[in-house]
Amino acid sequence: MRKMRTTLLMTIFAAAAYVTAGAQISGKVTNRNGAPVEYATVVLQTVDSLYINAAYTDSAGRFAFGAEMPAYRLIAQHLTYDTYEGGYLNEYDITIELSEKENALGEVVVKGERTVVKLVDGRMTYDMPLLLSGATAGSAYEAMLRLPGVREQEGSLILAGAGGVTVIINGQATSMPHENLMAALRMYPAEMIQSAEIMYSAPPQYHMRGAAINLILKGEEAGRNGGLQGQANAAYKQKHFANYAGGFSLLIPASKLTADVNYAFSRGHERSGLDLYSNHLYDGTVNMIEQSNRGSRKSGVHNIRLGMNYRLTEGDRLNIAYTSQVTGGLDNRESSDGTFSLSDTHKENSSPTQMHNVLADYSSGFGLKTGIEYTSYNTHTIQRFSERMPGKENEFAADAKQEIDRYRLFADQQHTLPSELTLSYGAQYMYAADRSSQIYNSAAGDMSGMDISSRLTEHTANIYLGIGKSLGSKLSMNASVTGEYYRLAAFEEWTAFPALEITYFIAPSKILQLSFSSDKVYPAYWEMRGAVSYLNGYGEIRGNPLLRPYRDYSGQLNYILNGKYILTAFYNYMDGYSMQLPYQAHDRPALIYKTLNFDYKQTAGLNLIAPFSAGTVLNTRLTLSGFYDRVKSSHFHDISFAKDNFVFYARTDNTVSISSKPNVSLELNAAYISKNIQGPAELTSLWNLDAGLKWTFFNNMAELRLKGSDLFNSWTPDMIMKYDTQNLRMNLIPDARAITLSFTLKFGGYNKTYDEFDSSRFGTK
């Protein structure tokens, strides 16, 4: 039945390719020698010279418009070239050749400040090579942390004014578990990123909602011009333990077929630790429990990608990609010593955790994009637990398995209509099957009552309609609504998600942008199971079969001055917000970690980004943010709470050019955040200091980086919970300080492009 359903949907989406006609306008801008011209402005007009749209060329000189016009005019402009104007009839892949200005002065150099951010179709687009110039960011993850307003919090990326943010690659949402995606981005080189788009209200054709960072990777066009290209990198990181990483990337171009190969490996070894002080009320008595936990985590992660881009015609393309992530050698150990428990836990995978993804999509010359995706995820771990406290002796093993199969089908179409109106529409269907089990074996007694074996089936279908309209030369608007049907087991829900983005050009150097979006945040599959996992003799993680998705409403007003100063006012409201927090049980001595839905969480504040420079020697960016945070729950286990707090965040990023020959630069960054809240708990204030040196040599083909992160080990918070009957403190043992030495060698340039896949809810804790 499932196979018939999948085949039927594939047939429906394939048939959609034949109900539309027309072609989208795209092309390339070169100089007279055939070399691509980057950052040329290409203006699309009607034959009567009425403005339709504008675009910038990328590093390969490419541009594209989502327009279907049999007759039109193009204007191409660049500071060092003569302006080009031309008319076209039934042509949809254009090559424009620009001539250098005759009055260009060869020996005179005019230095100016290049704009780092541009507003393109409502997206704040950053030139990443320029933004990272002189910086010691070695990975794609570190490169994203250099984006204005982006910071890291407990392993997740936070965007000022939006809270959580989704990372997408080349306009395609990813299918990796969040922690695996972050690990992969930490291994991929920063040089692979051409530009980054920050969107507070992502367009519906991305099939995700809310805030997003879209990483645009360097494309195969440059590879086609430059032949075989690649890069090899290796890194040594010394934290408390030594860590290693390495990999290579290849781009293999041909006339119509471009293939890419990417492999990355990391061997991680991290320290974990926690000092817990718990005044625990149970059976009418307050008991003081002190536990000291120390442990380590080891694993080896292999990331493999094989991609193929085949150009059927100038406007039609077929992409097929296989992506795999394999984690082996898992060895997590923790010992807990204290007044309540003397325990040891050891978790390992009996077979490597594997995720395999195949994605095939077809892009037509008339604006249709359709595709199919399959993801398989399998993990099998065994946890062995031993309690040695006299009178509490116990020993057991927990055998946990999770198998997930997910299918996705999608189709999108865009048209340009009269009166400068664009129309977009599309649909997506996802089916997921999660088969999970956790079986206990104990020598001390029967634990079969805690065994679970479950099968969850999930259906998600959505359809959207969007419009875009230019109202004169200063005002533009994009609005959309997405209807979604969601079913998980017996739970069904129909939801509508509106989104709006309005841009007003007060003047060429002054821009106002208003964004509104709505979203639904789904819990991870493992959180919805009723399984119990033991951290030690006192702490345990419990699943929640009653856990439900929560709604997120977000609004931002951005003021952009001179393409670099950005002031953002924002407000976020999360209805039914959920998170995992510790709770001191009232009926027994147990600290329970369980994800629960709250009433709501809301945040309101201001964020300012201001860059400064001193010639070519110093570049500085200052980020200041202040916001009010409030969260409320009427049913946090058997108590209720309402908590609020004002938070201040400041960060400064500084790059100093020490020498041009040799090419050596220094980076010095610092950050501070005041105390914050997590439900009824408080997180202590934090500060950190990073420093790094980068030496570029061998004709700019080699780079050596030395970087110190969190030099004072001060970016790890402690948690304090004193609310109602809850009274505890957790002092985390930090392992953030790191010294990293990395080497990168490039050949033939480095350019490649691919889409990732999405399974942010896979995996277990």
# chains A, B, ... in the order shown; residues from 1 in each chain; ligands from 1
call {"tool": "select_by_dssp", "arguments": {"residues": "range 400-551 of chain A", "states": "strand (DSSP E or B)", "output": "PyMOL selection string"}}
result
chain A and resi 400-417+421-442+452-471+475-488+491-507+510-521+532-534+539-542+550-551
call {"tool": "residues_around", "arguments": {"residues": "Glu458 in chain A", "least_positions_apart": "3", "cutoff": "6 Å", "atoms": "only C-alpha atoms", "output": "list of chain:residue names"}}
result
A:Tyr431, A:Ala432, A:Arg487, A:Leu488
call {"tool": "write_last_selection", "arguments": {"atoms": "C-alpha atoms", "output": "PDB file, in the first residue's frame"}}
result
ATOM      1  CA  TYR A 431       5.719  10.232   5.085  1.00  0.00           C
ATOM      2  CA  ALA A 432       7.822   8.935   7.961  1.00  0.00           C
ATOM      3  CA  ARG A 487      -1.200  13.388  11.340  1.00  0.00           C
ATOM      4  CA  LEU A 488       0.848  11.493  13.912  1.00  0.00           C
TER       5      LEU A 488
END
call {"tool": "residues_around", "arguments": {"residues": "range 698-705 of chain A", "least_positions_apart": "3", "cutoff": "10 Å", "atoms": "only C-alpha atoms", "output": "ChimeraX atom specification"}}
result
/A:135-138,231-233,235,663-665,692-695,740-750
call {"tool": "closest_residue", "arguments": {"among": "A:Ala202, A:Val358, A:Leu512, A:Val261", "to": "Val481 in chain A", "atoms": "only C-alpha atoms"}}
result
A:Ala202
call {"tool": "residues_around", "arguments": {"residues": "Val29 in chain A", "least_positions_apart": "5", "cutoff": "8 Å", "atoms": "only C-alpha atoms", "output": "list in words"}}
result
Pro36, Val37, Ala40, Thr57, Gly61, Arg62, Phe63, Thr95, Ile96, Glu97 and Leu98 of chain A
call {"tool": "residues_around", "arguments": {"residues": "Glu197 in chain A", "least_positions_apart": "2", "cutoff": "12 Å", "atoms": "only C-alpha atoms", "output": "ChimeraX atom specification"}}
result
/A:116-128,144,147-148,166-171,193-195,199-203,211-217
call {"tool": "write_last_selection", "arguments": {"atoms": "N, CA and C atoms", "output": "short mmCIF file (atom, residue, chain, number, x, y, z; two decimals), in the first residue's frame"}}
result
data_model
loop_
_atom_site.label_atom_id
_atom_site.label_comp_id
_atom_site.auth_asym_id
_atom_site.auth_seq_id
_atom_site.Cartn_x
_atom_site.Cartn_y
_atom_site.Cartn_z
N VAL A 116 29.18 44.96 2.36
CA VAL A 116 29.19 43.55 2.74
C VAL A 116 27.81 42.94 2.59
N VAL A 117 26.76 43.69 2.89
CA VAL A 117 25.40 43.17 2.85
C VAL A 117 24.59 43.93 1.81
N LYS A 118 23.78 43.18 1.05
CA LYS A 118 22.86 43.77 0.08
C LYS A 118 21.49 43.15 0.30
N LEU A 119 20.47 43.94 0.08
CA LEU A 119 19.11 43.43 0.19
C LEU A 119 18.64 43.02 -1.20
N VAL A 120 18.53 41.72 -1.43
CA VAL A 120 18.15 41.17 -2.72
C VAL A 120 16.87 40.36 -2.54
N ASP A 121 15.78 40.82 -3.15
CA ASP A 121 14.49 40.13 -3.05
C ASP A 121 14.09 39.89 -1.60
N GLY A 122 14.33 40.89 -0.75
CA GLY A 122 13.95 40.78 0.65
C GLY A 122 14.89 39.98 1.52
N ARG A 123 16.02 39.54 0.98
CA ARG A 123 16.98 38.72 1.73
C ARG A 123 18.26 39.52 1.97
N MET A 124 18.72 39.57 3.20
CA MET A 124 19.99 40.21 3.50
C MET A 124 21.11 39.28 3.06
N THR A 125 21.77 39.65 1.96
CA THR A 125 22.75 38.78 1.32
C THR A 125 24.15 39.27 1.62
N TYR A 126 24.98 38.37 2.19
CA TYR A 126 26.34 38.72 2.60
C TYR A 126 27.35 38.08 1.66
N ASP A 127 28.32 38.87 1.24
CA ASP A 127 29.46 38.39 0.47
C ASP A 127 30.42 37.73 1.45
N MET A 128 30.40 36.40 1.50
CA MET A 128 31.16 35.69 2.53
C MET A 128 32.68 35.80 2.36
N MET A 144 29.50 30.82 9.65
CA MET A 144 28.16 31.30 9.98
C MET A 144 28.16 32.14 11.25
N LEU A 147 28.48 35.80 10.74
CA LEU A 147 27.37 36.58 10.19
C LEU A 147 26.83 37.51 11.27
N PRO A 148 26.58 38.77 10.95
CA PRO A 148 26.06 39.71 11.94
C PRO A 148 24.75 39.21 12.56
N THR A 166 16.87 28.11 11.07
CA THR A 166 17.11 26.89 10.29
C THR A 166 18.18 27.16 9.24
N VAL A 167 19.12 26.24 9.11
CA VAL A 167 20.15 26.35 8.09
C VAL A 167 19.72 25.57 6.86
N ILE A 168 19.69 26.22 5.72
CA ILE A 168 19.40 25.56 4.46
C ILE A 168 20.56 25.81 3.51
N ILE A 169 20.73 24.93 2.54
CA ILE A 169 21.87 24.99 1.64
C ILE A 169 21.37 25.03 0.20
N ASN A 170 21.74 26.08 -0.50
CA ASN A 170 21.30 26.28 -1.88
C ASN A 170 19.78 26.19 -2.00
N GLY A 171 19.08 26.75 -1.01
CA GLY A 171 17.63 26.78 -1.05
C GLY A 171 16.95 25.49 -0.71
N ILE A 193 31.69 28.44 0.86
CA ILE A 193 30.54 29.33 0.89
C ILE A 193 30.80 30.57 0.05
N GLN A 194 29.95 30.81 -0.91
CA GLN A 194 30.04 31.99 -1.76
C GLN A 194 29.32 33.17 -1.14
N SER A 195 28.11 32.94 -0.64
CA SER A 195 27.34 34.00 0.00
C SER A 195 26.38 33.36 1.00
N MET A 199 17.19 35.39 6.17
CA MET A 199 15.78 35.65 5.91
C MET A 199 15.01 35.50 7.21
N TYR A 200 14.28 36.53 7.60
CA TYR A 200 13.44 36.42 8.79
C TYR A 200 12.11 35.76 8.46
N SER A 201 11.72 35.79 7.20
CA SER A 201 10.51 35.11 6.75
C SER A 201 10.84 34.41 5.43
N ALA A 202 11.24 33.14 5.52
CA ALA A 202 11.71 32.42 4.35
C ALA A 202 10.59 32.21 3.34
N PRO A 203 10.86 32.35 2.03
CA PRO A 203 9.84 32.10 1.02
C PRO A 203 9.31 30.68 1.10
N ALA A 211 12.63 31.99 10.36
CA ALA A 211 13.95 32.52 10.03
C ALA A 211 14.85 31.42 9.47
N ALA A 212 15.70 31.81 8.53
CA ALA A 212 16.61 30.84 7.90
C ALA A 212 17.89 31.52 7.48
N ILE A 213 18.97 30.74 7.48
CA ILE A 213 20.23 31.13 6.86
C ILE A 213 20.44 30.22 5.66
N ASN A 214 20.45 30.81 4.49
CA ASN A 214 20.64 30.05 3.26
C ASN A 214 22.08 30.20 2.81
N LEU A 215 22.84 29.10 2.88
CA LEU A 215 24.22 29.11 2.44
C LEU A 215 24.28 28.81 0.95
N ILE A 216 24.81 29.76 0.18
CA ILE A 216 24.98 29.57 -1.26
C ILE A 216 26.40 29.10 -1.49
N LEU A 217 26.54 27.87 -1.98
CA LEU A 217 27.86 27.30 -2.19
C LEU A 217 28.37 27.64 -3.58
#
call {"tool": "closest_residue", "arguments": {"among": "A:Leu342, A:Met355, A:Ile252, A:Leu581", "to": "Gln402 in chain A", "atoms": "only C-alpha atoms"}}
result
A:Met355
call {"tool": "atom_distance", "arguments": {"atom1": "CA of Asp434 in chain A", "atom2": "CA of His380 in chain A"}}
result
13.6 Å
call {"tool": "closest_residue", "arguments": {"among": "A:Glu393, A:Glu290, A:Asp629, A:Asp260", "to": "Arg729 in chain A", "atoms": "only C-alpha atoms"}}
result
A:Glu290
call {"tool": "closest_residue", "arguments": {"among": "A:Arg73, A:His78, A:Arg384, A:Lys510", "to": "Tyr39 in chain A", "atoms": "only C-alpha atoms"}}
result
A:His78
call {"tool": "residues_around", "arguments": {"residues": "Gln291 in chain A", "least_positions_apart": "5", "cutoff": "7 Å", "atoms": "only C-alpha atoms", "output": "list in words"}}
result
Asp275, Leu276, Tyr277, Ser336, Asp337, Gly338 and Thr339 of chain A
call {"tool": "write_last_selection", "arguments": {"atoms": "C-alpha atoms", "output": "PDB file, in the first residue's frame"}}
result
ATOM      1  CA  ASP A 275      28.577  19.115  40.064  1.00  0.00           C
ATOM      2  CA  LEU A 276      24.994  18.883  41.333  1.00  0.00           C
ATOM      3  CA  TYR A 277      23.625  20.325  44.588  1.00  0.00           C
ATOM      4  CA  SER A 336      28.773   9.612  39.482  1.00  0.00           C
ATOM      5  CA  ASP A 337      30.083   9.879  43.027  1.00  0.00           C
ATOM      6  CA  GLY A 338      28.178  11.488  45.870  1.00  0.00           C
ATOM      7  CA  THR A 339      25.857  11.238  48.814  1.00  0.00           C
TER       8      THR A 339
END
call {"tool": "closest_residue", "arguments": {"among": "A:Gly563, A:Gly328, A:Pro545, A:Gly268", "to": "Met528 in chain A", "atoms": "only C-alpha atoms"}}
result
A:Pro545
call {"tool": "closest_residue", "arguments": {"among": "A:Ser278, A:Ser625, A:Ser351, A:Asn243", "to": "Ser266 in chain A", "atoms": "only C-alpha atoms"}}
result
A:Asn243
call {"tool": "residues_around", "arguments": {"residues": "range 600-610 of chain A", "least_positions_apart": "3", "cutoff": "7 Å", "atoms": "only C-alpha atoms", "output": "list of chain:residue names"}}
result
A:Pro148, A:Ala160, A:Lys564, A:Tyr565, A:Ile566, A:Leu567, A:Thr568, A:Ala569, A:Phe570, A:Tyr571, A:Asn572, A:Tyr573, A:Met574, A:Asp575, A:Gly576, A:Tyr577, A:Arg621, A:Leu622, A:Thr623, A:Leu624, A:Ser625, A:Gly626, A:Phe627, A:Tyr628, A:Asp629, A:Arg630, A:Val631, A:Lys632
call {"tool": "atom_distance", "arguments": {"atom1": "CA of Ser133 in chain A", "atom2": "CA of Lys28 in chain A"}}
result
26.0 Å
